[in-house]
There are 4 protein chains.
Amino acid sequence: MARYDFASDNTAPVAPEAMEALAAANSGYASGYGTDHVTRRAADLVRELLDADCEVRFVASGTAANAISLAALCRPFEAVLAHEHAHICTDETGAPGFFGQGLGLIPLQGASGRIEAAPLARALDEPDVSYRQSPAVLSLTNATEYGTVYVAEQLGALIGPAKAKGLSVHLDGARLANAAAAGFDLKAIRTLGVDLLVVGGTKAGMPPTEAVAIFDRGLARRFDARLKQAGQLPSKGRYFAAPFIGMLESGAFVRHAAHANAMARRLAGLTPFTIRHAVEANGLFVEMDQPTLARLHAAGWFAFRFLDGSVRFMCSWATTTEAVDELGACLRSLA
Amino acid sequence: MARYDFASDNTAPVAPEAMEALAAANSGYASGYGTDHVTRRAADLVRELLDADCEVRFVASGTAANAISLAALCRPFEAVLAHEHAHICTDETGAPGFFGQGLGLIPLQGASGRIEAAPLARALDEPDVSYRQSPAVLSLTNATEYGTVYVAEQLGALIGPAKAKGLSVHLDGARLANAAAAGFDLKAIRTLGVDLLVVGGTKAGMPPTEAVAIFDRGLARRFDARLKQAGQLPSKGRYFAAPFIGMLESGAFVRHAAHANAMARRLAGLTPFTIRHAVEANGLFVEMDQPTLARLHAAGWFAFRFLDGSVRFMCSWATTTEAVDELGACLRSLA
Amino acid sequence: MARYDFASDNTAPVAPEAMEALAAANSGYASGYGTDHVTRRAADLVRELLDADCEVRFVASGTAANAISLAALCRPFEAVLAHEHAHICTDETGAPGFFGQGLGLIPLQGASGRIEAAPLARALDEPDVSYRQSPAVLSLTNATEYGTVYVAEQLGALIGPAKAKGLSVHLDGARLANAAAAGFDLKAIRTLGVDLLVVGGTKAGMPPTEAVAIFDRGLARRFDARLKQAGQLPSKGRYFAAPFIGMLESGAFVRHAAHANAMARRLAGLTPFTIRHAVEANGLFVEMDQPTLARLHAAGWFAFRFLDGSVRFMCSWATTTEAVDELGACLRSLA
Amino acid sequence: MARYDFASDNTAPVAPEAMEALAAANSGYASGYGTDHVTRRAADLVRELLDADCEVRFVASGTAANAISLAALCRPFEAVLAHEHAHICTDETGAPGFFGQGLGLIPLQGASGRIEAAPLARALDEPDVSYRQSPAVLSLTNATEYGTVYVAEQLGALIGPAKAKGLSVHLDGARLANAAAAGFDLKAIRTLGVDLLVVGGTKAGMPPTEAVAIFDRGLARRFDARLKQAGQLPSKGRYFAAPFIGMLESGAFVRHAAHANAMARRLAGLTPFTIRHAVEANGLFVEMDQPTLARLHAAGWFAFRFLDGSVRFMCSWATTTEAVDELGACLRSLA
């Protein structure tokens with residue numbers, strides 16, 4: 001199994017800082033359903049990370065975090081604007097529609113996973129008609145699915161027109177740590193107009209846990225009931241919160257992501273194949289024909305052909321330079 | 001916080017066997033979404049526990065496990081028969097209706113948390129009319145909310161008439177370990193006609209994780225898609241599965257529950273208050289007036305007044321004889 | 001079939017005023033989806049009836065009107081307070097939960113179908129906890145299911161405490177015409193704090209159609225999209241609206257209801273059986289044992305045993321004095 | 001308003017045969033919720049039309065009929081295959097996802113509204129993965145949105161591969177009368193493998209009413225409860241059923257559609273603009289630039305630019321040859 005390490009950034013084990021925090025949290029009794037001292041501490045650390053006075057909750061999966069957030073912002077007869085290849089559109093089995101009782105997804109285009117201004121403007125300009133789900137939310141992803149990173153100004157340029165039309169804003173930060181490591185200023189989110197932010201734990205090296213930061217305090221009322229009903233308010237909440245303590249107190253959250261990003265850049269430097277998207281976070285996407293991909297698989301390296309047709313290699317906190325160099329050598333041998 | 005240990009069996013920390021298994025699973029890469037070797041091993045152990053060739057999945061919370069199961073068995077315009085004080089009726093914020101798009105819950109009565117034959121028969125005899133949600137599922141709980149335990153024959157006597165009417169059967173085993181420790185034969189479930197069984201991890205001493213055993217194989221098709229859409233198929237599935245390995249391989253699953261049950265019996269022997277329900281599992285329910293309860297709280301012992309008006313004390317794997325004896329002394333001082 | 005006329009007020013045919021309006025509306029082309037001149041005129045007449053500047057929509061059934069209204073006011077993890085025997089609780093197959101994605105119903109008690117102050121206060125005083133669906137809406141019904149009528153002050157006395165706690169208010173007026181004919185001032189609704197009102201068409205003598213009056217204008221945004229998605233914005237909307245024109249322009253709406261109420265009172269005067277509830281609208285509820293009811297059925301008169309155990313007789317615009325007198329004679333013969 | 005008659009086939013009034021049947025049904029008492037004699041007679045006539053022993057129900061709108069049907073066939077974590085411009089995909093405000101709790105829609109391509117074999121085959125060949133909604137239903141529309149008509153063999157060629165993969169089949173017959181008038185054999189549906197068929201009433205000249213024919217009898221169990229919960233089982237069901245009696249007994253159902261089709265063909269013969277799709281049913285789609293369309297509107301003729309960019313003219317039972325000729329003259333003047 002050792003070589004399957006570029007298929008995704010979620011095949012890696014949990015980082016030691018997170019495991020140690022789990023062990024540290026495992027002492028004595030704690031009150032249930034997120035009212036415990038561990039959860040409070042983790043929430044404080046997330047607020048500190050974001051320099052924001054937001055409410056924070058912890059849930060078990062990114063799919064749940066995203067879908068519950070969208071359901072909080074969008075009514076069933078409305079829609080969410082998102083990049084056509086956003087995770088919520090392509091990889092979550094319709095979870096937004098399930099949690100949001102049929103809410104719609106309107107796919108927008110844009111190079112390298114970033115929504116472009118023109119298709120957003122067109123979507124916002126569509127007349128409100130009763131036979132169509134009109135947009136109520138703009139969903140953004142940073143880092144994007146294609147390993148690129150929005151800077152705060154780019155997000156602001158998309159959020160501005162959306163807010164002007166009365167839309168709410170969701171930011172999927174499954175790879176927020178990677179974005180931060182690439183220079184995205186997490187403390188800028190506070191002023192961008194994001195209503196709900198998902199701070200990814202899993203892909204950052206934690207066990208299954210994601211933080212939801214509620215910037216719009218009006219949404220916080222009965223949010224625990226919302227989570228409980230959705231199966232996302234476990235009695236032993238401290239075990240969802242603890243990994244964030246370990247990763248945030250130690251700085252490992254961004255430091256591990258910086259390593260993952262560096263590994264992707266290193267691999268980019270080694271590959272002879274055409275690189276499809278700028279390598280700003282922890283993913284590398286190259287052009288590769290099917291026979292070559294088959295030979296790569298035969299050599300023991302697993303990698304996916306992604307939605308845009310390129311082949312994706314993901315790095316994580318656990319990716320080693322040795323593995324990158326070995327894969328690089330293999331890629332050169334296939335070219 | 002040290003004395004708040006009788007409020008619930010989910011305020012305890014995680015048992016060492018589960019923590020060790022988490023650490024053991026945290027090595028190397030693993031494929032995502034429940035397709036990994038850890039999940040396979042844990043599923044095998046659950047099958048072994050039940051002596052059944054069922055499918056097994058792992059999810060983050062009992063609420064999710066129950067609600068997803070009920071949604072799999074019951075259409076929105078149908079209803080679930082359950083004890084009026086079952087967890088699904090009283091403590092899950094309407095999760096069955098949320099996951100099941102409005103499915104109904106029909107409360108049945110019965111002493112000490114056990115459904116009685118007569119109200120079940122009456123519910124099954126109701127004519128099927130279009131303006132009411134007719135029953136499609138019988139939901140049972142073992143051990144019950146009142147710390148009593150059904151033996152297999154008792155479950156069979158309820159399941160029989162339900163199956164005869166075409167209903168499916170869900171068994172909420174949030175405290176299945178306690179039931180097993182009390183003599184309930186887990187290997188009997190296989191022949192009882194249960195379609196979906198929830199095997200509780202959290203209350204048995206694990207971090208947030210529950211196993212769903214799918215006895216009706218016809219339900220297994222696309223169950224992973226069902227879980228993914230419901231936010232319950234995390235990429236790093238091994239961390240939901242590993243605790244079961246630690247608890248089942250070592251026998252701690254039932255052994256710890258036996259300890260919890262013994263602690264409840266010990267407390268029962270010490271209490272001067274009238275005991276409301278037979279102490280068969282890990283809970284003790286006593287009659288206590290409000291001033292006395294207030295004095296108990298003032299003495300630093302937290303306990304709830306439960307749905308039937310009695311005061312509940314729950315024991316867990318972590319409850320010590322010292323704590324029981326200290327609480328017993330306190331109770332005697334209050335009587 | 002001629003004698004089955006006391007089973008319900010919806011077994012009657014459509015009143016001539018409504019039929020004539022349907023025919024009158026059936027001329028020339030009309031724009032779709034409720035944007036037509038017929039719908040506009042009918043909405044104006046409903047506003048005039050209520051002396052209120054509300055938005056008005058027309059839908060096909062009372063179940064849809066109620067469930068869509070409740071879904072607009074209550075989130076899935078919240079609940080609706082309603083009389084335990086309200087139509088939404090007992091006769092709509094869980095439609096509120098279906099349209100409202102699992103929203104809860106909290107039954108309140110009260111004699112003769114009227115919610116009483118004490119159980120309402122208790123429900124409003126319940127602490128907001130994450131494991132329970134806390135109330136967000138108070139649902140009232142006028143005339144009630146038991147043929148009694150709230151006067152405006154009584155409604156106000158219930159609405160006041162609910163509004164003080166931040167709840168919204170839904171008024172099910174399936175028999176609003178009967179309430180009006182009994183003295184309930186429809187023009188008082190405007191100041192009572194009702195957010196959404198259903199003005200019943202069907203039981204008032206129309207074909208399937210109900211009006212929804214939206215008093216809280218903030219709810220009106222995208223309400224047509226809400227209706228369209230719910231299958232309740234038919235292209236040929238004029239045929240849902242026209243009957244209201246016929247009934248409101250002519251005054252038949254209240255006049256026919258007054259007749260129905262008078263028929264119920266006349267029957268009350270003839271029955272030798274104990275009358276269970278004050279006869280204020282168009283229903284009579286009497287105490288009758290099962291053998292007597294069987295003999296009544298054998299004599300060709302169909303009537304239901306209702307939720308409170310009494311036997312219900314409903315009158316409508318089409319009920320004749322001859323039928324009432326004949327039934328009265330039959331009842332006397334059975335006593 | 002007189003000239004707005006080509007915007008849609010649902011802006012026309014109700015045909016006299018349907019109005020007369022409404023009046024005829026409006027006599028005496030009738031039992032509620034679709035159990036009445038009028039509904040039985042109408043259901044018999046639909047069965048006769050289809051030469052099939054199916055169950056039949058009547059609902060208020062095509063959106064409801066389609067969405068309820070799809071929800072009966074497809075679970076939330078599954079998807080419906082449909083033409084990308086099918087009404088369920090483009091004009092129903094996400095109703096399938098609302099009724100089906102987030103079920104997915106997978107758009108397929110094909111010229112002139114007909115699904116083509118290749119994209120269907122590709123969709124059916126997609127591997128079943130947990131992160132995507134895999135297809136469970138094939139939805140077809142006849143006549144199509146572009147005024148073309150499938151013959152039975154063409155439908156069979158699409159249904160065959162879908163059934164081989166275990167999918168169910170929904171047929172949206174909002175314009176089934178037009179398809180029949182164009183030569184589609186309604187009696188062939190019975191053997192094609194259609195599970196649920198919507199027989200359009202509204203566009204055929206009726207007030208809001210659609211019939212749902214349930215070919216798969218296994219789906220019929222508790223279908224009335226399904227409808228009631230969905231707000232589509234009105235107490236006075238006879239008024240949804242009666243129009244079908246008038247239209248089917250008299251033959252007007254197909255005869256009026258034949259007239260509508262003939263009007264479209266006549267208009268096709270008069271237009272100087274390029275015709276985009278074969279004129280097989282009651283719609284004409286022509287290529288027209290924006291300035292010309294503006295001049296058409298200025299001349300008092302309303303017509304939509306449709307999803308494929310062409311301009312659509314719809315004819316109905318009420319379209320007169322005079323209107324067609326007048327519009328034809330106008331079109332020639334604009335060319």
# chains A, B, ... in the order shown; residues from 1 in each chain; ligands from 1
>>> select_by_dssp(residues="region 94-221 of chain C", states="strand (DSSP E or B)", output="list of chain:residue names")
C:Gly104, C:Leu105, C:Ile106, C:Pro107, C:Leu108, C:Ser134, C:Pro135, C:Ala136, C:Val137, C:Leu138, C:Ser139, C:Leu140, C:Thr141, C:Ser168, C:Val169, C:His170, C:Leu171, C:Asp172, C:Gly173, C:Leu196, C:Leu197, C:Val198, C:Val199, C:Gly200, C:Glu210, C:Ala211, C:Val212, C:Ala213, C:Ile214
>>> write_last_selection(atoms="N, CA and C atoms", output="mmCIF file, in the first residue's frame")
data_model
loop_
_atom_site.group_PDB
_atom_site.id
_atom_site.type_symbol
_atom_site.label_atom_id
_atom_site.label_comp_id
_atom_site.auth_asym_id
_atom_site.auth_seq_id
_atom_site.Cartn_x
_atom_site.Cartn_y
_atom_site.Cartn_z
ATOM 1 N N GLY C 104 -41.105 19.458 13.251
ATOM 2 C CA GLY C 104 -41.870 18.759 14.273
ATOM 3 C C GLY C 104 -43.221 19.383 14.546
ATOM 4 N N LEU C 105 -44.111 18.572 15.063
ATOM 5 C CA LEU C 105 -45.423 19.054 15.512
ATOM 6 C C LEU C 105 -45.521 18.783 17.008
ATOM 7 N N ILE C 106 -45.806 19.798 17.774
ATOM 8 C CA ILE C 106 -45.961 19.645 19.221
ATOM 9 C C ILE C 106 -47.439 19.828 19.554
ATOM 10 N N PRO C 107 -48.101 18.747 19.938
ATOM 11 C CA PRO C 107 -49.547 18.824 20.183
ATOM 12 C C PRO C 107 -49.854 19.515 21.511
ATOM 13 N N LEU C 108 -50.811 20.415 21.469
ATOM 14 C CA LEU C 108 -51.277 21.097 22.680
ATOM 15 C C LEU C 108 -52.720 20.697 22.949
ATOM 16 N N SER C 134 -37.454 22.815 19.015
ATOM 17 C CA SER C 134 -38.100 23.883 19.778
ATOM 18 C C SER C 134 -39.089 24.628 18.893
ATOM 19 N N PRO C 135 -40.129 25.193 19.501
ATOM 20 C CA PRO C 135 -41.198 25.799 18.690
ATOM 21 C C PRO C 135 -40.767 27.072 17.967
ATOM 22 N N ALA C 136 -41.187 27.167 16.723
ATOM 23 C CA ALA C 136 -40.964 28.361 15.909
ATOM 24 C C ALA C 136 -42.274 28.937 15.391
ATOM 25 N N VAL C 137 -43.340 28.167 15.463
ATOM 26 C CA VAL C 137 -44.620 28.571 14.886
ATOM 27 C C VAL C 137 -45.755 28.147 15.816
ATOM 28 N N LEU C 138 -46.753 29.005 15.905
ATOM 29 C CA LEU C 138 -48.020 28.628 16.527
ATOM 30 C C LEU C 138 -49.047 28.500 15.404
ATOM 31 N N SER C 139 -49.670 27.338 15.322
ATOM 32 C CA SER C 139 -50.697 27.120 14.304
ATOM 33 C C SER C 139 -52.068 27.083 14.970
ATOM 34 N N LEU C 140 -52.961 27.898 14.464
ATOM 35 C CA LEU C 140 -54.322 27.969 15.001
ATOM 36 C C LEU C 140 -55.302 27.578 13.907
ATOM 37 N N THR C 141 -56.498 27.202 14.315
ATOM 38 C CA THR C 141 -57.517 26.776 13.365
ATOM 39 C C THR C 141 -58.829 27.446 13.735
ATOM 40 N N SER C 168 -43.687 32.603 14.848
ATOM 41 C CA SER C 168 -44.583 33.049 13.793
ATOM 42 C C SER C 168 -45.946 32.402 13.994
ATOM 43 N N VAL C 169 -46.937 32.895 13.249
ATOM 44 C CA VAL C 169 -48.299 32.398 13.441
ATOM 45 C C VAL C 169 -48.926 32.011 12.102
ATOM 46 N N HIS C 170 -49.469 30.819 12.091
ATOM 47 C CA HIS C 170 -50.210 30.280 10.944
ATOM 48 C C HIS C 170 -51.654 30.089 11.377
ATOM 49 N N LEU C 171 -52.568 30.502 10.530
ATOM 50 C CA LEU C 171 -53.983 30.302 10.833
ATOM 51 C C LEU C 171 -54.607 29.455 9.731
ATOM 52 N N ASP C 172 -55.055 28.278 10.109
ATOM 53 C CA ASP C 172 -55.717 27.377 9.177
ATOM 54 C C ASP C 172 -57.191 27.755 9.131
ATOM 55 N N GLY C 173 -57.581 28.355 8.028
ATOM 56 C CA GLY C 173 -58.965 28.780 7.863
ATOM 57 C C GLY C 173 -59.720 27.916 6.875
ATOM 58 N N LEU C 196 -49.265 33.912 8.110
ATOM 59 C CA LEU C 196 -49.814 33.237 6.942
ATOM 60 C C LEU C 196 -51.193 32.692 7.295
ATOM 61 N N LEU C 197 -52.129 32.965 6.436
ATOM 62 C CA LEU C 197 -53.519 32.556 6.645
ATOM 63 C C LEU C 197 -53.978 31.731 5.458
ATOM 64 N N VAL C 198 -54.617 30.623 5.744
ATOM 65 C CA VAL C 198 -55.239 29.839 4.682
ATOM 66 C C VAL C 198 -56.738 30.120 4.702
ATOM 67 N N VAL C 199 -57.247 30.586 3.578
ATOM 68 C CA VAL C 199 -58.674 30.865 3.442
ATOM 69 C C VAL C 199 -59.287 29.715 2.654
ATOM 70 N N GLY C 200 -60.066 28.933 3.331
ATOM 71 C CA GLY C 200 -60.569 27.713 2.732
ATOM 72 C C GLY C 200 -61.599 27.943 1.641
ATOM 73 N N GLU C 210 -57.735 26.756 -2.472
ATOM 74 C CA GLU C 210 -57.590 27.434 -1.192
ATOM 75 C C GLU C 210 -56.757 28.681 -1.462
ATOM 76 N N ALA C 211 -57.041 29.716 -0.734
ATOM 77 C CA ALA C 211 -56.222 30.929 -0.855
ATOM 78 C C ALA C 211 -55.223 30.978 0.296
ATOM 79 N N VAL C 212 -54.018 31.404 -0.014
ATOM 80 C CA VAL C 212 -53.014 31.663 1.018
ATOM 81 C C VAL C 212 -52.796 33.167 1.067
ATOM 82 N N ALA C 213 -53.070 33.751 2.224
ATOM 83 C CA ALA C 213 -52.850 35.186 2.391
ATOM 84 C C ALA C 213 -51.558 35.388 3.173
ATOM 85 N N ILE C 214 -50.645 36.131 2.557
ATOM 86 C CA ILE C 214 -49.315 36.332 3.122
ATOM 87 C C ILE C 214 -49.289 37.706 3.771
#
>>> select_by_dssp(residues="region 22-152 of chain A", states="alpha helix (DSSP H)", output="ChimeraX atom specification")
/A:22-25,37-50,62-73,87-90,95-99,117-125,152
>>> interface_residues(of="chain C", to="chain D", cutoff="9 Å", atoms="only C-alpha atoms", output="PyMOL selection string")
chain C and resi 1-5+7-8+10-15+19+22-23+25-32+60-65+67+92-99+101+202+207-209+225-226+228-240+318
>>> residues_around(residues="Phe253 (chain A)", least_positions_apart="4", cutoff="12 Å", atoms="only C-alpha atoms", output="PyMOL selection string")
chain A and resi 14-18+45-46+49+175-181+199-206+243-249+257-260+316-317
>>> write_last_selection(atoms="C-alpha atoms", output="PDB file, in the first residue's frame")
ATOM      1  CA  VAL A  14      -3.260  11.429  10.948  1.00  0.00           C
ATOM      2  CA  ALA A  15      -0.483  13.803  11.876  1.00  0.00           C
ATOM      3  CA  PRO A  16       1.179  13.208  15.245  1.00  0.00           C
ATOM      4  CA  GLU A  17       0.085  16.579  16.624  1.00  0.00           C
ATOM      5  CA  ALA A  18      -3.551  15.597  16.092  1.00  0.00           C
ATOM      6  CA  LEU A  45      -8.144  28.527  18.501  1.00  0.00           C
ATOM      7  CA  VAL A  46     -10.145  28.621  15.286  1.00  0.00           C
ATOM      8  CA  LEU A  49      -6.618  31.531  13.454  1.00  0.00           C
ATOM      9  CA  ARG A 175      -7.861  22.768   1.856  1.00  0.00           C
ATOM     10  CA  LEU A 176      -7.827  26.088   3.646  1.00  0.00           C
ATOM     11  CA  ALA A 177      -4.535  25.182   5.297  1.00  0.00           C
ATOM     12  CA  ASN A 178      -2.967  24.747   1.883  1.00  0.00           C
ATOM     13  CA  ALA A 179      -4.350  28.078   0.778  1.00  0.00           C
ATOM     14  CA  ALA A 180      -2.952  29.718   3.885  1.00  0.00           C
ATOM     15  CA  ALA A 181       0.424  28.120   3.300  1.00  0.00           C
ATOM     16  CA  VAL A 199     -12.152  24.875   7.855  1.00  0.00           C
ATOM     17  CA  GLY A 200     -10.907  21.522   6.678  1.00  0.00           C
ATOM     18  CA  GLY A 201      -9.409  19.160   9.180  1.00  0.00           C
ATOM     19  CA  THR A 202      -9.248  15.864   7.331  1.00  0.00           C
ATOM     20  CA  LYS A 203      -7.105  16.905   4.393  1.00  0.00           C
ATOM     21  CA  ALA A 204      -4.917  18.934   6.741  1.00  0.00           C
ATOM     22  CA  GLY A 205      -3.872  15.765   8.513  1.00  0.00           C
ATOM     23  CA  MET A 206      -6.579  15.192  11.092  1.00  0.00           C
ATOM     24  CA  PRO A 243      -7.376  17.424  16.694  1.00  0.00           C
ATOM     25  CA  PHE A 244      -7.794  21.108  15.934  1.00  0.00           C
ATOM     26  CA  ILE A 245      -6.180  21.941  19.267  1.00  0.00           C
ATOM     27  CA  GLY A 246      -3.162  19.849  18.452  1.00  0.00           C
ATOM     28  CA  MET A 247      -2.791  21.241  14.979  1.00  0.00           C
ATOM     29  CA  LEU A 248      -3.489  24.880  15.759  1.00  0.00           C
ATOM     30  CA  GLU A 249      -1.570  25.252  19.024  1.00  0.00           C
ATOM     31  CA  ALA A 257       0.220  22.256   4.545  1.00  0.00           C
ATOM     32  CA  ALA A 258       3.304  24.208   3.538  1.00  0.00           C
ATOM     33  CA  HIS A 259       5.146  20.915   3.365  1.00  0.00           C
ATOM     34  CA  ALA A 260       2.427  19.397   1.222  1.00  0.00           C
ATOM     35  CA  SER A 316      -0.122  15.682   1.963  1.00  0.00           C
ATOM     36  CA  TRP A 317       1.637  16.340   5.236  1.00  0.00           C
TER      37      TRP A 317
END
>>> closest_residue(among="D:Leu81, D:Ala72, D:Ala242, D:Ala123", to="Phe58 (chain D)", atoms="only C-alpha atoms")
D:Ala242
>>> residues_around(residues="Leu293 (chain A)", least_positions_apart="3", cutoff="12 Å", atoms="only C-alpha atoms", output="ChimeraX atom specification")
/A:273,286-290,296-305,309-313,330-331,334-335
>>> write_last_selection(atoms="C-alpha atoms", output="compact mmCIF listing (two decimals), in the first residue's frame")
# COMPACT_ATOMS: atom_id res chain seq x y z
CA PHE A 273 4.55 16.01 -18.61
CA VAL A 286 -0.52 16.97 -15.80
CA GLU A 287 -1.52 15.97 -19.29
CA MET A 288 -1.11 12.26 -19.80
CA ASP A 289 -2.60 9.88 -22.31
CA GLN A 290 -4.36 6.73 -21.28
CA LEU A 296 1.96 4.43 -14.30
CA HIS A 297 -0.63 2.32 -12.53
CA ALA A 298 1.24 -0.80 -13.53
CA ALA A 299 4.33 0.67 -11.92
CA GLY A 300 2.42 0.85 -8.65
CA TRP A 301 1.53 4.53 -8.56
CA PHE A 302 -2.11 5.29 -8.27
CA ALA A 303 -3.44 8.58 -9.62
CA PHE A 304 -6.80 9.69 -10.95
CA ARG A 305 -7.80 11.20 -14.22
CA GLY A 309 -9.06 15.26 -18.23
CA SER A 310 -5.69 15.83 -16.64
CA VAL A 311 -4.10 13.38 -14.22
CA ARG A 312 -3.96 14.51 -10.62
CA PHE A 313 -1.25 13.93 -8.02
CA CYS A 330 9.00 6.98 -12.73
CA LEU A 331 7.26 9.80 -14.59
CA LEU A 334 7.23 7.01 -18.87
CA ALA A 335 7.49 10.20 -20.87
>>> atom_distance(atom1="CA of Ala220 (chain D)", atom2="CA of Glu55 (chain D)")
7.0 Å
>>> atom_distance(atom1="CA of Val80 (chain B)", atom2="CA of His87 (chain C)")
20.4 Å
>>> atom_distance(atom1="CA of Arg255 (chain D)", atom2="CA of Asp308 (chain D)")
29.5 Å
>>> closest_residue(among="B:Ser112, B:Ser250, B:Thr292, B:Thr271", to="Val324 (chain B)", atoms="only C-alpha atoms")
B:Thr271
>>> residues_around(residues="Asp325 (chain A)", least_positions_apart="6", cutoff="12 Å", atoms="only C-alpha atoms", output="ChimeraX atom specification")
/A:263-271,319,331-332
>>> write_last_selection(atoms="N, CA and C atoms", output="PDB file, in the first residue's frame")
ATOM      1  N   MET A 263       5.918  19.782  -1.551  1.00  0.00           N
ATOM      2  CA  MET A 263       6.060  18.489  -2.227  1.00  0.00           C
ATOM      3  C   MET A 263       5.446  18.529  -3.627  1.00  0.00           C
ATOM      4  N   ALA A 264       4.300  19.216  -3.741  1.00  0.00           N
ATOM      5  CA  ALA A 264       3.677  19.326  -5.065  1.00  0.00           C
ATOM      6  C   ALA A 264       4.578  20.121  -6.008  1.00  0.00           C
ATOM      7  N   ARG A 265       5.147  21.177  -5.496  1.00  0.00           N
ATOM      8  CA  ARG A 265       6.066  21.968  -6.352  1.00  0.00           C
ATOM      9  C   ARG A 265       7.280  21.139  -6.760  1.00  0.00           C
ATOM     10  N   ARG A 266       7.780  20.383  -5.808  1.00  0.00           N
ATOM     11  CA  ARG A 266       8.951  19.537  -6.108  1.00  0.00           C
ATOM     12  C   ARG A 266       8.603  18.535  -7.215  1.00  0.00           C
ATOM     13  N   LEU A 267       7.433  17.940  -7.083  1.00  0.00           N
ATOM     14  CA  LEU A 267       7.008  16.980  -8.101  1.00  0.00           C
ATOM     15  C   LEU A 267       6.830  17.681  -9.452  1.00  0.00           C
ATOM     16  N   ALA A 268       6.321  18.888  -9.391  1.00  0.00           N
ATOM     17  CA  ALA A 268       6.154  19.657 -10.631  1.00  0.00           C
ATOM     18  C   ALA A 268       7.493  19.881 -11.303  1.00  0.00           C
ATOM     19  N   GLY A 269       8.513  20.075 -10.507  1.00  0.00           N
ATOM     20  CA  GLY A 269       9.842  20.290 -11.057  1.00  0.00           C
ATOM     21  C   GLY A 269      10.425  19.038 -11.685  1.00  0.00           C
ATOM     22  N   LEU A 270       9.889  17.910 -11.313  1.00  0.00           N
ATOM     23  CA  LEU A 270      10.447  16.642 -11.788  1.00  0.00           C
ATOM     24  C   LEU A 270       9.682  16.051 -12.964  1.00  0.00           C
ATOM     25  N   THR A 271       8.463  16.502 -13.148  1.00  0.00           N
ATOM     26  CA  THR A 271       7.649  15.841 -14.163  1.00  0.00           C
ATOM     27  C   THR A 271       7.999  16.315 -15.569  1.00  0.00           C
ATOM     28  N   THR A 319       3.604  13.196   2.783  1.00  0.00           N
ATOM     29  CA  THR A 319       4.366  12.889   1.571  1.00  0.00           C
ATOM     30  C   THR A 319       5.849  13.169   1.812  1.00  0.00           C
ATOM     31  N   LEU A 331       7.908   8.984 -13.553  1.00  0.00           N
ATOM     32  CA  LEU A 331       7.264   9.804 -14.586  1.00  0.00           C
ATOM     33  C   LEU A 331       8.220  10.069 -15.744  1.00  0.00           C
ATOM     34  N   ARG A 332       9.457  10.346 -15.404  1.00  0.00           N
ATOM     35  CA  ARG A 332      10.421  10.595 -16.492  1.00  0.00           C
ATOM     36  C   ARG A 332      10.620   9.347 -17.328  1.00  0.00           C
TER      37      ARG A 332
END
